[in-house]
>>> print(open('my_file-v1.pdb').read())   # PDB, C-alpha atoms, pLDDT in the B column
ATOM      1  CA  MET P 198      -1.529  13.615  18.613  1.00 37.00           C
ATOM      2  CA  SER P 199      -3.480  12.044  15.749  1.00 51.00           C
ATOM      3  CA  ASP P 200      -5.344  14.266  13.317  1.00 61.00           C
ATOM      4  CA  ASP P 201      -8.610  13.396  11.666  1.00 91.00           C
ATOM      5  CA  VAL P 202      -7.713  11.625   8.451  1.00 96.00           C
ATOM      6  CA  LEU P 203     -10.137  11.314   5.553  1.00 97.00           C
ATOM      7  CA  THR P 204      -9.607   8.693   2.850  1.00 98.00           C
ATOM      8  CA  ARG P 205     -11.107   8.993  -0.607  1.00 98.00           C
ATOM      9  CA  LEU P 206     -10.473   7.965  -4.189  1.00 98.00           C
ATOM     10  CA  ALA P 207      -7.965  10.248  -5.878  1.00 98.00           C
ATOM     11  CA  HIS P 208      -9.103  12.910  -8.324  1.00 97.00           C
ATOM     12  CA  ARG P 209      -7.211  13.727 -11.502  1.00 97.00           C
ATOM     13  CA  SER P 210      -6.259  17.054  -9.931  1.00 97.00           C
ATOM     14  CA  ASP P 211      -4.475  15.132  -7.140  1.00 97.00           C
ATOM     15  CA  LEU P 212      -2.082  13.305  -9.485  1.00 97.00           C
ATOM     16  CA  PRO P 213       0.849  15.775  -9.556  1.00 96.00           C
ATOM     17  CA  GLY P 214       0.796  16.078  -5.776  1.00 96.00           C
ATOM     18  CA  ILE P 215       0.650  12.295  -5.342  1.00 97.00           C
ATOM     19  CA  ALA P 216       3.638  11.852  -7.641  1.00 95.00           C
ATOM     20  CA  SER P 217       5.588  14.459  -5.703  1.00 94.00           C
ATOM     21  CA  LEU P 218       4.780  13.112  -2.241  1.00 95.00           C
ATOM     22  CA  THR P 219       5.601   9.572  -3.381  1.00 93.00           C
ATOM     23  CA  VAL P 220       9.066  10.659  -4.505  1.00 92.00           C
ATOM     24  CA  ARG P 221       9.596  12.481  -1.206  1.00 92.00           C
ATOM     25  CA  ALA P 222       8.474   9.428   0.750  1.00 92.00           C
ATOM     26  CA  TYR P 223      10.776   7.015  -1.070  1.00 89.00           C
ATOM     27  CA  VAL P 224      13.795   9.236  -1.823  1.00 88.00           C
ATOM     28  CA  ASP P 225      13.823  11.511   1.247  1.00 84.00           C
ATOM     29  CA  GLY P 226      13.017   8.442   3.320  1.00 79.00           C
ATOM     30  CA  GLY P 227      16.232   6.847   2.082  1.00 80.00           C
ATOM     31  CA  LEU P 228      14.555   3.903   0.359  1.00 83.00           C
ATOM     32  CA  LEU P 229      15.498   4.810  -3.219  1.00 81.00           C
ATOM     33  CA  SER P 230      18.102   6.984  -4.866  1.00 80.00           C
ATOM     34  CA  ALA P 231      16.967   9.939  -6.951  1.00 87.00           C
ATOM     35  CA  ASP P 232      18.033   8.106 -10.134  1.00 85.00           C
ATOM     36  CA  ASP P 233      16.345   4.766  -9.384  1.00 84.00           C
ATOM     37  CA  ASP P 234      14.401   3.384 -12.366  1.00 84.00           C
ATOM     38  CA  TYR P 235      11.476   2.443 -10.076  1.00 86.00           C
ATOM     39  CA  LEU P 236      10.689   6.139  -9.627  1.00 88.00           C
ATOM     40  CA  ASP P 237       9.252   6.135 -13.158  1.00 88.00           C
ATOM     41  CA  GLU P 238       6.635   3.602 -12.048  1.00 87.00           C
ATOM     42  CA  LEU P 239       6.018   5.356  -8.738  1.00 89.00           C
ATOM     43  CA  THR P 240       5.359   8.683 -10.455  1.00 91.00           C
ATOM     44  CA  ASP P 241       3.090   7.229 -13.161  1.00 94.00           C
ATOM     45  CA  VAL P 242       0.046   7.874 -11.012  1.00 95.00           C
ATOM     46  CA  ALA P 243      -2.257   8.236 -14.033  1.00 95.00           C
ATOM     47  CA  SER P 244      -1.658   4.569 -14.900  1.00 94.00           C
ATOM     48  CA  ARG P 245      -2.260   3.547 -11.300  1.00 94.00           C
ATOM     49  CA  MET P 246      -5.535   5.449 -11.300  1.00 95.00           C
ATOM     50  CA  ARG P 247      -6.570   3.782 -14.577  1.00 95.00           C
ATOM     51  CA  ASP P 248      -5.531   0.192 -13.802  1.00 95.00           C
ATOM     52  CA  ALA P 249      -6.143   0.008 -10.044  1.00 96.00           C
ATOM     53  CA  GLU P 250      -7.777   2.105  -7.326  1.00 97.00           C
ATOM     54  CA  LEU P 251      -5.743   5.081  -6.198  1.00 97.00           C
ATOM     55  CA  TRP P 252      -6.717   6.184  -2.682  1.00 98.00           C
ATOM     56  CA  VAL P 253      -5.518   9.258  -0.842  1.00 98.00           C
ATOM     57  CA  ALA P 254      -5.460  10.285   2.789  1.00 98.00           C
ATOM     58  CA  GLU P 255      -6.209  13.911   3.570  1.00 97.00           C
ATOM     59  CA  ILE P 256      -5.278  15.773   6.725  1.00 96.00           C
ATOM     60  CA  ALA P 257      -6.904  19.195   7.105  1.00 94.00           C
ATOM     61  CA  GLY P 258      -7.933  19.073   3.446  1.00 94.00           C
ATOM     62  CA  VAL P 259      -4.408  18.420   2.135  1.00 95.00           C
ATOM     63  CA  VAL P 260      -3.354  15.139   0.482  1.00 97.00           C
ATOM     64  CA  ALA P 261      -0.921  13.577   2.948  1.00 97.00           C
ATOM     65  CA  GLY P 262      -0.542  10.082   1.518  1.00 97.00           C
ATOM     66  CA  ALA P 263      -1.607   7.662  -1.175  1.00 98.00           C
ATOM     67  CA  VAL P 264      -1.863   3.942  -1.841  1.00 98.00           C
ATOM     68  CA  THR P 265      -2.568   1.822  -4.895  1.00 96.00           C
ATOM     69  CA  TYR P 266      -5.231  -0.778  -4.106  1.00 98.00           C
ATOM     70  CA  CYS P 267      -5.242  -3.704  -6.538  1.00 96.00           C
ATOM     71  CA  PRO P 268      -8.492  -5.668  -6.473  1.00 96.00           C
ATOM     72  CA  PRO P 269      -8.826  -8.988  -8.277  1.00 94.00           C
ATOM     73  CA  GLY P 270      -8.331  -8.363 -11.990  1.00 91.00           C
ATOM     74  CA  SER P 271      -6.176  -5.252 -11.614  1.00 92.00           C
ATOM     75  CA  GLY P 272      -3.198  -5.055 -13.940  1.00 89.00           C
ATOM     76  CA  TYR P 273      -1.140  -3.702 -11.052  1.00 89.00           C
ATOM     77  CA  ARG P 274      -1.262  -6.921  -9.060  1.00 92.00           C
ATOM     78  CA  GLU P 275       2.114  -8.551  -8.524  1.00 89.00           C
ATOM     79  CA  LEU P 276       1.533 -11.130  -5.786  1.00 90.00           C
ATOM     80  CA  SER P 277      -2.163 -11.735  -5.361  1.00 92.00           C
ATOM     81  CA  LYS P 278      -4.151 -14.669  -6.658  1.00 89.00           C
ATOM     82  CA  ASP P 279      -7.642 -14.420  -8.149  1.00 87.00           C
ATOM     83  CA  ASP P 280      -9.430 -14.365  -4.779  1.00 89.00           C
ATOM     84  CA  GLU P 281      -6.953 -11.964  -3.159  1.00 95.00           C
ATOM     85  CA  ALA P 282      -6.270  -8.245  -3.317  1.00 97.00           C
ATOM     86  CA  GLU P 283      -3.073  -6.385  -2.667  1.00 96.00           C
ATOM     87  CA  PHE P 284      -1.912  -2.889  -2.141  1.00 97.00           C
ATOM     88  CA  ARG P 285       1.255  -1.235  -3.342  1.00 94.00           C
ATOM     89  CA  MET P 286       3.148   1.999  -3.305  1.00 93.00           C
ATOM     90  CA  LEU P 287       1.928   3.170   0.090  1.00 96.00           C
ATOM     91  CA  ALA P 288       3.489   6.594   0.569  1.00 95.00           C
ATOM     92  CA  VAL P 289       3.057   9.318   3.151  1.00 95.00           C
ATOM     93  CA  ASP P 290       4.555  12.780   2.880  1.00 94.00           C
ATOM     94  CA  PRO P 291       7.508  12.817   5.315  1.00 92.00           C
ATOM     95  CA  ALA P 292       6.284  16.185   6.657  1.00 91.00           C
ATOM     96  CA  VAL P 293       3.157  14.550   8.121  1.00 92.00           C
ATOM     97  CA  ARG P 294       4.358  11.110   9.167  1.00 91.00           C
ATOM     98  CA  GLY P 295       3.041   9.871  12.477  1.00 91.00           C
ATOM     99  CA  ARG P 296      -0.353  11.532  12.076  1.00 95.00           C
ATOM    100  CA  GLY P 297      -2.315   8.451  10.974  1.00 96.00           C
ATOM    101  CA  ALA P 298      -2.331   8.706   7.169  1.00 97.00           C
ATOM    102  CA  ALA P 299      -0.669   5.324   6.536  1.00 97.00           C
ATOM    103  CA  ARG P 300      -2.905   3.544   9.051  1.00 97.00           C
ATOM    104  CA  ALA P 301      -6.007   5.135   7.491  1.00 97.00           C
ATOM    105  CA  LEU P 302      -4.935   4.058   3.999  1.00 98.00           C
ATOM    106  CA  VAL P 303      -4.242   0.455   5.019  1.00 98.00           C
ATOM    107  CA  ARG P 304      -7.580   0.339   6.835  1.00 97.00           C
ATOM    108  CA  ARG P 305      -9.237   1.670   3.670  1.00 97.00           C
ATOM    109  CA  CYS P 306      -7.656  -1.188   1.675  1.00 97.00           C
ATOM    110  CA  LEU P 307      -8.936  -3.717   4.204  1.00 97.00           C
ATOM    111  CA  ALA P 308     -12.428  -2.186   4.166  1.00 96.00           C
ATOM    112  CA  ARG P 309     -12.426  -2.156   0.364  1.00 97.00           C
ATOM    113  CA  SER P 310     -11.462  -5.833   0.373  1.00 96.00           C
ATOM    114  CA  ARG P 311     -14.366  -6.553   2.703  1.00 96.00           C
ATOM    115  CA  GLU P 312     -16.729  -4.652   0.365  1.00 96.00           C
ATOM    116  CA  LEU P 313     -15.541  -6.733  -2.600  1.00 96.00           C
ATOM    117  CA  GLY P 314     -15.723 -10.051  -0.739  1.00 95.00           C
ATOM    118  CA  VAL P 315     -11.982 -10.628  -1.051  1.00 95.00           C
ATOM    119  CA  ARG P 316     -10.649 -13.461   1.111  1.00 94.00           C
ATOM    120  CA  GLU P 317      -7.084 -12.228   1.753  1.00 96.00           C
ATOM    121  CA  VAL P 318      -4.897  -9.187   1.189  1.00 97.00           C
ATOM    122  CA  VAL P 319      -1.200  -9.492   0.379  1.00 96.00           C
ATOM    123  CA  LEU P 320       1.604  -7.000  -0.063  1.00 96.00           C
ATOM    124  CA  CYS P 321       5.343  -6.787  -0.413  1.00 94.00           C
ATOM    125  CA  SER P 322       7.711  -4.454   1.358  1.00 93.00           C
ATOM    126  CA  MET P 323      11.386  -3.638   1.443  1.00 90.00           C
ATOM    127  CA  PRO P 324      13.103  -5.274   4.451  1.00 90.00           C
ATOM    128  CA  GLU P 325      14.236  -1.901   5.807  1.00 89.00           C
ATOM    129  CA  MET P 326      10.671  -0.547   6.022  1.00 90.00           C
ATOM    130  CA  MET P 327      10.433  -1.501   9.698  1.00 91.00           C
ATOM    131  CA  ALA P 328       7.861   1.161  10.652  1.00 90.00           C
ATOM    132  CA  ALA P 329       5.582  -0.111   7.879  1.00 93.00           C
ATOM    133  CA  HIS P 330       6.052  -3.688   9.085  1.00 94.00           C
ATOM    134  CA  ARG P 331       4.977  -2.672  12.598  1.00 96.00           C
ATOM    135  CA  LEU P 332       1.901  -0.987  11.134  1.00 96.00           C
ATOM    136  CA  TYR P 333       1.009  -4.058   9.068  1.00 96.00           C
ATOM    137  CA  LYS P 334       1.429  -6.356  12.077  1.00 97.00           C
ATOM    138  CA  SER P 335      -0.788  -4.083  14.201  1.00 97.00           C
ATOM    139  CA  LEU P 336      -3.508  -4.431  11.550  1.00 96.00           C
ATOM    140  CA  GLY P 337      -3.387  -8.231  11.382  1.00 96.00           C
ATOM    141  CA  PHE P 338      -0.763  -8.937   8.704  1.00 97.00           C
ATOM    142  CA  TRP P 339       1.959 -11.512   9.164  1.00 97.00           C
ATOM    143  CA  ARG P 340       5.147 -12.248   7.244  1.00 96.00           C
ATOM    144  CA  ASP P 341       4.557 -14.830   4.549  1.00 95.00           C
ATOM    145  CA  GLU P 342       7.927 -15.910   3.194  1.00 95.00           C
ATOM    146  CA  SER P 343       6.237 -17.761   0.336  1.00 94.00           C
ATOM    147  CA  LEU P 344       5.454 -14.295  -1.097  1.00 94.00           C
ATOM    148  CA  ASP P 345       9.065 -13.038  -0.928  1.00 94.00           C
ATOM    149  CA  TRP P 346      10.552 -12.310  -4.318  1.00 88.00           C
ATOM    150  CA  ASP P 347      13.876 -11.241  -5.702  1.00 87.00           C
ATOM    151  CA  VAL P 348      13.449  -8.072  -7.734  1.00 81.00           C
ATOM    152  CA  ASP P 349      17.123  -8.194  -8.703  1.00 80.00           C
ATOM    153  CA  ASP P 350      20.444  -9.313  -7.226  1.00 76.00           C
ATOM    154  CA  ASP P 351      20.370  -6.447  -4.719  1.00 80.00           C
ATOM    155  CA  LEU P 352      16.743  -6.472  -3.575  1.00 82.00           C
ATOM    156  CA  THR P 353      14.443  -9.089  -2.118  1.00 88.00           C
ATOM    157  CA  LEU P 354      10.974  -7.897  -1.162  1.00 92.00           C
ATOM    158  CA  TRP P 355       9.248  -9.401   1.859  1.00 95.00           C
ATOM    159  CA  GLY P 356       5.685 -10.653   1.589  1.00 95.00           C
ATOM    160  CA  PHE P 357       2.883 -10.075   4.102  1.00 97.00           C
ATOM    161  CA  ARG P 358      -0.650 -11.444   4.242  1.00 97.00           C
ATOM    162  CA  THR P 359      -3.859 -11.081   6.224  1.00 96.00           C
ATOM    163  CA  VAL P 360      -7.221 -12.823   6.173  1.00 95.00           C
ATOM    164  CA  ILE P 361     -10.259 -10.593   5.797  1.00 94.00           C
ATOM    165  CA  GLN P 362     -12.935 -10.970   8.431  1.00 84.00           C
ATOM    166  CA  HIS P 363     -16.249 -10.328   6.645  1.00 77.00           C
ATOM    167  CA  ASN P 364     -18.488 -10.136   9.695  1.00 71.00           C
ATOM    168  CA  SER P 365     -16.598  -7.398  11.596  1.00 52.00           C
ATOM    169  CA  ASP P 366     -14.427  -4.327  11.130  1.00 45.00           C
ATOM    170  CA  THR P 367     -11.125  -6.049  11.841  1.00 47.00           C
ATOM    171  CA  SER P 368      -8.853  -8.379   9.958  1.00 44.00           C
ATOM    172  CA  THR P 369      -7.277 -11.298  11.737  1.00 46.00           C
ATOM    173  CA  SER P 370      -4.272 -13.411  11.058  1.00 44.00           C
ATOM    174  CA  THR P 371      -3.988 -17.124  11.506  1.00 42.00           C
ATOM    175  CA  SER P 372      -0.259 -17.635  11.180  1.00 39.00           C
TER     176      SER P 372
END
>>> encode(input="my_file-v1.pdb", output="C-alpha cells")
Amino acid sequence: MSDDVLTRLAHRSDLPGIASLTVRAYVDGGLLSADDDYLDELTDVASRMRDAELWVAEIAGVVAGAVTYCPPGSGYRELSKDDEAEFRMLAVDPAVRGRGAARALVRRCLARSRELGVREVVLCSMPEMMAAHRLYKSLGFWRDESLDWDVDDDLTLWGFRTVIQHNSDTSTSTS
C-alpha cells in the first residue's frame, strides 16, 4: 500500500536526519562500505542545500527520503549541459522503502525541470541499483551510454536521460 508522500525543500533542521538516512540507504543497502570516502560527500548536506536544491519526501510528517536536484548553473552538476538538469544522491530510508518516496522525489525533479524550462534531465547510477533503474525507466528515462563514466578502476556509473515534456505532466523518452 502506498502512503501519501509530500515533497518539499529541505529545512536546515532536516539536515542531520538527511545525512543519517543517506548513510543508511547507501551503507545498509550494500552500495558502499562504512569507510568509503564518498560518504563524506553524501553527508555534507549543508553544501548540497547551498549549491543545489535539496528536496525531501515526507511520509506521515517524517522525512523518509531526499534528493539533490541540480538545475543549470548548480555547482553539484556532474553530467548535465547548460540546458539540462540532473539529480543526484537519491536516498530513501530503508525502513520505508516501497512506500513511494523515491518515485515522489524523482517526479518532483521532473516537475522542477518543467518549471525552469529545462529540456532534459540526466543522472548517473551504480549498475547494481536495479530497483532505481526500474523506477527511472517507469518515469521515462532511458540508458544513455554516452553519459557513463569511470569514477575509478572499480566503478563505472551508468548514465540515464529523459526529455521533459513542457505541455503535460509526464516526461517521455525518445530512445
>>> closest_residue(input="my_file-v1.pdb", among="P:Glu281, P:Asp225, P:Glu255, P:Glu312", to="Cys267 in chain P", atoms="all atoms listed in the file")
P:Glu281
>>> residues_around(input="my_file-v1.pdb", residues="Glu342 in chain P", least_positions_apart="3", cutoff="7 Å", atoms="all atoms listed in the file", output="PyMOL selection string")
chain P and resi 345+355-356
>>> residues_near_point(input="my_file-v1.pdb", point="(10.6, 5.6, -9.7)", cutoff="12 Å", atoms="all atoms listed in the file", output="list in words")
Ala216, Ser217, Thr219, Val220, Arg221, Ala222, Tyr223, Val224, Leu228, Leu229, Ser230, Ala231, Asp232, Asp233, Asp234, Tyr235, Leu236, Asp237, Glu238, Leu239, Thr240, Asp241, Val242 and Met286 of chain P
>>> resolve_selection(input="my_file-v1.pdb", expression="the PyMOL selection byres ((chain P and resi 270) around 10)", output="PyMOL selection string")
chain P and resi 248-249+267-269+271-274+277-282
>>> resolve_selection(input="my_file-v1.pdb", expression="the PyMOL selection byres ((chain P and resi 338) around 12)", output="PDB file with C-alpha atoms, in the coordinates of the input")
ATOM      1  CA  GLU P 283      -3.073  -6.385  -2.667  1.00 96.00           C
ATOM      2  CA  VAL P 303      -4.242   0.455   5.019  1.00 98.00           C
ATOM      3  CA  ARG P 304      -7.580   0.339   6.835  1.00 97.00           C
ATOM      4  CA  LEU P 307      -8.936  -3.717   4.204  1.00 97.00           C
ATOM      5  CA  GLU P 317      -7.084 -12.228   1.753  1.00 96.00           C
ATOM      6  CA  VAL P 318      -4.897  -9.187   1.189  1.00 97.00           C
ATOM      7  CA  VAL P 319      -1.200  -9.492   0.379  1.00 96.00           C
ATOM      8  CA  LEU P 320       1.604  -7.000  -0.063  1.00 96.00           C
ATOM      9  CA  CYS P 321       5.343  -6.787  -0.413  1.00 94.00           C
ATOM     10  CA  ALA P 329       5.582  -0.111   7.879  1.00 93.00           C
ATOM     11  CA  HIS P 330       6.052  -3.688   9.085  1.00 94.00           C
ATOM     12  CA  ARG P 331       4.977  -2.672  12.598  1.00 96.00           C
ATOM     13  CA  LEU P 332       1.901  -0.987  11.134  1.00 96.00           C
ATOM     14  CA  TYR P 333       1.009  -4.058   9.068  1.00 96.00           C
ATOM     15  CA  LYS P 334       1.429  -6.356  12.077  1.00 97.00           C
ATOM     16  CA  SER P 335      -0.788  -4.083  14.201  1.00 97.00           C
ATOM     17  CA  LEU P 336      -3.508  -4.431  11.550  1.00 96.00           C
ATOM     18  CA  GLY P 337      -3.387  -8.231  11.382  1.00 96.00           C
ATOM     19  CA  TRP P 339       1.959 -11.512   9.164  1.00 97.00           C
ATOM     20  CA  ARG P 340       5.147 -12.248   7.244  1.00 96.00           C
ATOM     21  CA  ASP P 341       4.557 -14.830   4.549  1.00 95.00           C
ATOM     22  CA  GLY P 356       5.685 -10.653   1.589  1.00 95.00           C
ATOM     23  CA  PHE P 357       2.883 -10.075   4.102  1.00 97.00           C
ATOM     24  CA  ARG P 358      -0.650 -11.444   4.242  1.00 97.00           C
ATOM     25  CA  THR P 359      -3.859 -11.081   6.224  1.00 96.00           C
ATOM     26  CA  VAL P 360      -7.221 -12.823   6.173  1.00 95.00           C
ATOM     27  CA  ILE P 361     -10.259 -10.593   5.797  1.00 94.00           C
ATOM     28  CA  THR P 367     -11.125  -6.049  11.841  1.00 47.00           C
ATOM     29  CA  SER P 368      -8.853  -8.379   9.958  1.00 44.00           C
ATOM     30  CA  THR P 369      -7.277 -11.298  11.737  1.00 46.00           C
ATOM     31  CA  SER P 370      -4.272 -13.411  11.058  1.00 44.00           C
ATOM     32  CA  THR P 371      -3.988 -17.124  11.506  1.00 42.00           C
ATOM     33  CA  SER P 372      -0.259 -17.635  11.180  1.00 39.00           C
TER      34      SER P 372
END
>>> closest_residue(input="my_file-v1.pdb", among="P:Ser343, P:Thr353, P:Ser210, P:Asn364", to="Glu325 in chain P", atoms="only C-alpha atoms")
P:Thr353
>>> closest_residue(input="my_file-v1.pdb", among="P:Ala257, P:Leu313, P:Met327, P:Leu352", to="Ala298 in chain P", atoms="only C-alpha atoms")
P:Ala257
>>> closest_residue(input="my_file-v1.pdb", among="P:Ala299, P:Cys306, P:Met246, P:Val348", to="Ala328 in chain P", atoms="all atoms listed in the file")
P:Ala299
>>> resolve_selection(input="my_file-v1.pdb", expression="the PyMOL selection byres ((chain P and resi 292) around 10)", output="PyMOL selection string")
chain P and resi 218+221-222+261+289-291+293-296
>>> closest_residue(input="my_file-v1.pdb", among="P:Ser310, P:His363, P:Trp346, P:Leu287", to="Met326 in chain P", atoms="only C-alpha atoms")
P:Leu287
>>> atom_distance(input="my_file-v1.pdb", atom1="CA of Gly214 in chain P", atom2="CA of Pro324 in chain P")
26.7 Å
>>> closest_residue(input="my_file-v1.pdb", among="P:Ile256, P:Leu276, P:Arg209, P:Thr204", to="Ser244 in chain P", atoms="all atoms listed in the file")
P:Arg209
>>> build_atoms(input="my_file-v1.pdb", residues="range 261-285 of chain P", atoms="N, CA and C atoms", output="PDB file, keeping the file's coordinate frame")
ATOM      1  N   ALA P 261      -2.076  13.908   2.112  1.00 97.00           N
ATOM      2  CA  ALA P 261      -0.921  13.577   2.948  1.00 97.00           C
ATOM      3  C   ALA P 261      -0.301  12.240   2.580  1.00 97.00           C
ATOM      4  N   GLY P 262      -1.040  11.397   1.877  1.00 97.00           N
ATOM      5  CA  GLY P 262      -0.542  10.082   1.518  1.00 97.00           C
ATOM      6  C   GLY P 262      -1.398   9.457   0.439  1.00 97.00           C
ATOM      7  N   ALA P 263      -0.883   8.363  -0.117  1.00 98.00           N
ATOM      8  CA  ALA P 263      -1.607   7.662  -1.175  1.00 98.00           C
ATOM      9  C   ALA P 263      -1.227   6.186  -1.157  1.00 98.00           C
ATOM     10  N   VAL P 264      -2.115   5.372  -1.702  1.00 98.00           N
ATOM     11  CA  VAL P 264      -1.863   3.942  -1.841  1.00 98.00           C
ATOM     12  C   VAL P 264      -2.570   3.446  -3.099  1.00 98.00           C
ATOM     13  N   THR P 265      -1.970   2.465  -3.732  1.00 96.00           N
ATOM     14  CA  THR P 265      -2.568   1.822  -4.895  1.00 96.00           C
ATOM     15  C   THR P 265      -3.182   0.513  -4.432  1.00 96.00           C
ATOM     16  N   TYR P 266      -4.507   0.424  -4.490  1.00 98.00           N
ATOM     17  CA  TYR P 266      -5.231  -0.778  -4.106  1.00 98.00           C
ATOM     18  C   TYR P 266      -5.513  -1.576  -5.370  1.00 98.00           C
ATOM     19  N   CYS P 267      -5.132  -2.839  -5.363  1.00 96.00           N
ATOM     20  CA  CYS P 267      -5.242  -3.704  -6.538  1.00 96.00           C
ATOM     21  C   CYS P 267      -6.243  -4.821  -6.258  1.00 96.00           C
ATOM     22  N   PRO P 268      -7.495  -4.613  -6.657  1.00 96.00           N
ATOM     23  CA  PRO P 268      -8.492  -5.668  -6.473  1.00 96.00           C
ATOM     24  C   PRO P 268      -8.255  -6.798  -7.465  1.00 96.00           C
ATOM     25  N   PRO P 269      -8.941  -7.923  -7.283  1.00 94.00           N
ATOM     26  CA  PRO P 269      -8.826  -8.988  -8.277  1.00 94.00           C
ATOM     27  C   PRO P 269      -9.072  -8.430  -9.677  1.00 94.00           C
ATOM     28  N   GLY P 270      -8.211  -8.816 -10.611  1.00 91.00           N
ATOM     29  CA  GLY P 270      -8.331  -8.363 -11.990  1.00 91.00           C
ATOM     30  C   GLY P 270      -7.504  -7.139 -12.332  1.00 91.00           C
ATOM     31  N   SER P 271      -6.981  -6.448 -11.345  1.00 92.00           N
ATOM     32  CA  SER P 271      -6.176  -5.252 -11.614  1.00 92.00           C
ATOM     33  C   SER P 271      -4.861  -5.627 -12.287  1.00 92.00           C
ATOM     34  N   GLY P 272      -4.473  -4.853 -13.270  1.00 89.00           N
ATOM     35  CA  GLY P 272      -3.198  -5.055 -13.940  1.00 89.00           C
ATOM     36  C   GLY P 272      -2.002  -4.696 -13.072  1.00 89.00           C
ATOM     37  N   TYR P 273      -2.231  -4.079 -11.945  1.00 89.00           N
ATOM     38  CA  TYR P 273      -1.140  -3.702 -11.052  1.00 89.00           C
ATOM     39  C   TYR P 273      -0.816  -4.770 -10.014  1.00 89.00           C
ATOM     40  N   ARG P 274      -1.553  -5.850 -10.020  1.00 92.00           N
ATOM     41  CA  ARG P 274      -1.262  -6.921  -9.060  1.00 92.00           C
ATOM     42  C   ARG P 274       0.073  -7.557  -9.388  1.00 92.00           C
ATOM     43  N   GLU P 275       0.843  -7.846  -8.356  1.00 89.00           N
ATOM     44  CA  GLU P 275       2.114  -8.551  -8.524  1.00 89.00           C
ATOM     45  C   GLU P 275       2.122  -9.881  -7.783  1.00 89.00           C
ATOM     46  N   LEU P 276       1.466  -9.948  -6.649  1.00 90.00           N
ATOM     47  CA  LEU P 276       1.533 -11.130  -5.786  1.00 90.00           C
ATOM     48  C   LEU P 276       0.217 -11.870  -5.653  1.00 90.00           C
ATOM     49  N   SER P 277      -0.877 -11.162  -5.746  1.00 92.00           N
ATOM     50  CA  SER P 277      -2.163 -11.735  -5.361  1.00 92.00           C
ATOM     51  C   SER P 277      -2.703 -12.723  -6.379  1.00 92.00           C
ATOM     52  N   LYS P 278      -3.436 -13.684  -5.840  1.00 89.00           N
ATOM     53  CA  LYS P 278      -4.151 -14.669  -6.658  1.00 89.00           C
ATOM     54  C   LYS P 278      -5.540 -14.126  -6.958  1.00 89.00           C
ATOM     55  N   ASP P 279      -6.340 -14.901  -7.694  1.00 87.00           N
ATOM     56  CA  ASP P 279      -7.642 -14.420  -8.149  1.00 87.00           C
ATOM     57  C   ASP P 279      -8.584 -14.017  -7.025  1.00 87.00           C
ATOM     58  N   ASP P 280      -8.512 -14.679  -5.875  1.00 89.00           N
ATOM     59  CA  ASP P 280      -9.430 -14.365  -4.779  1.00 89.00           C
ATOM     60  C   ASP P 280      -8.779 -13.478  -3.719  1.00 89.00           C
ATOM     61  N   GLU P 281      -7.679 -12.828  -4.085  1.00 95.00           N
ATOM     62  CA  GLU P 281      -6.953 -11.964  -3.159  1.00 95.00           C
ATOM     63  C   GLU P 281      -6.833 -10.564  -3.768  1.00 95.00           C
ATOM     64  N   ALA P 282      -6.606  -9.601  -2.893  1.00 97.00           N
ATOM     65  CA  ALA P 282      -6.270  -8.245  -3.317  1.00 97.00           C
ATOM     66  C   ALA P 282      -4.886  -7.937  -2.769  1.00 97.00           C
ATOM     67  N   GLU P 283      -4.332  -6.849  -3.234  1.00 96.00           N
ATOM     68  CA  GLU P 283      -3.073  -6.385  -2.667  1.00 96.00           C
ATOM     69  C   GLU P 283      -3.046  -4.874  -2.737  1.00 96.00           C
ATOM     70  N   PHE P 284      -2.149  -4.311  -1.977  1.00 97.00           N
ATOM     71  CA  PHE P 284      -1.912  -2.889  -2.141  1.00 97.00           C
ATOM     72  C   PHE P 284      -0.423  -2.660  -2.303  1.00 97.00           C
ATOM     73  N   ARG P 285      -0.122  -1.552  -2.981  1.00 94.00           N
ATOM     74  CA  ARG P 285       1.255  -1.235  -3.342  1.00 94.00           C
ATOM     75  C   ARG P 285       1.481   0.256  -3.208  1.00 94.00           C
TER      76      ARG P 285
END
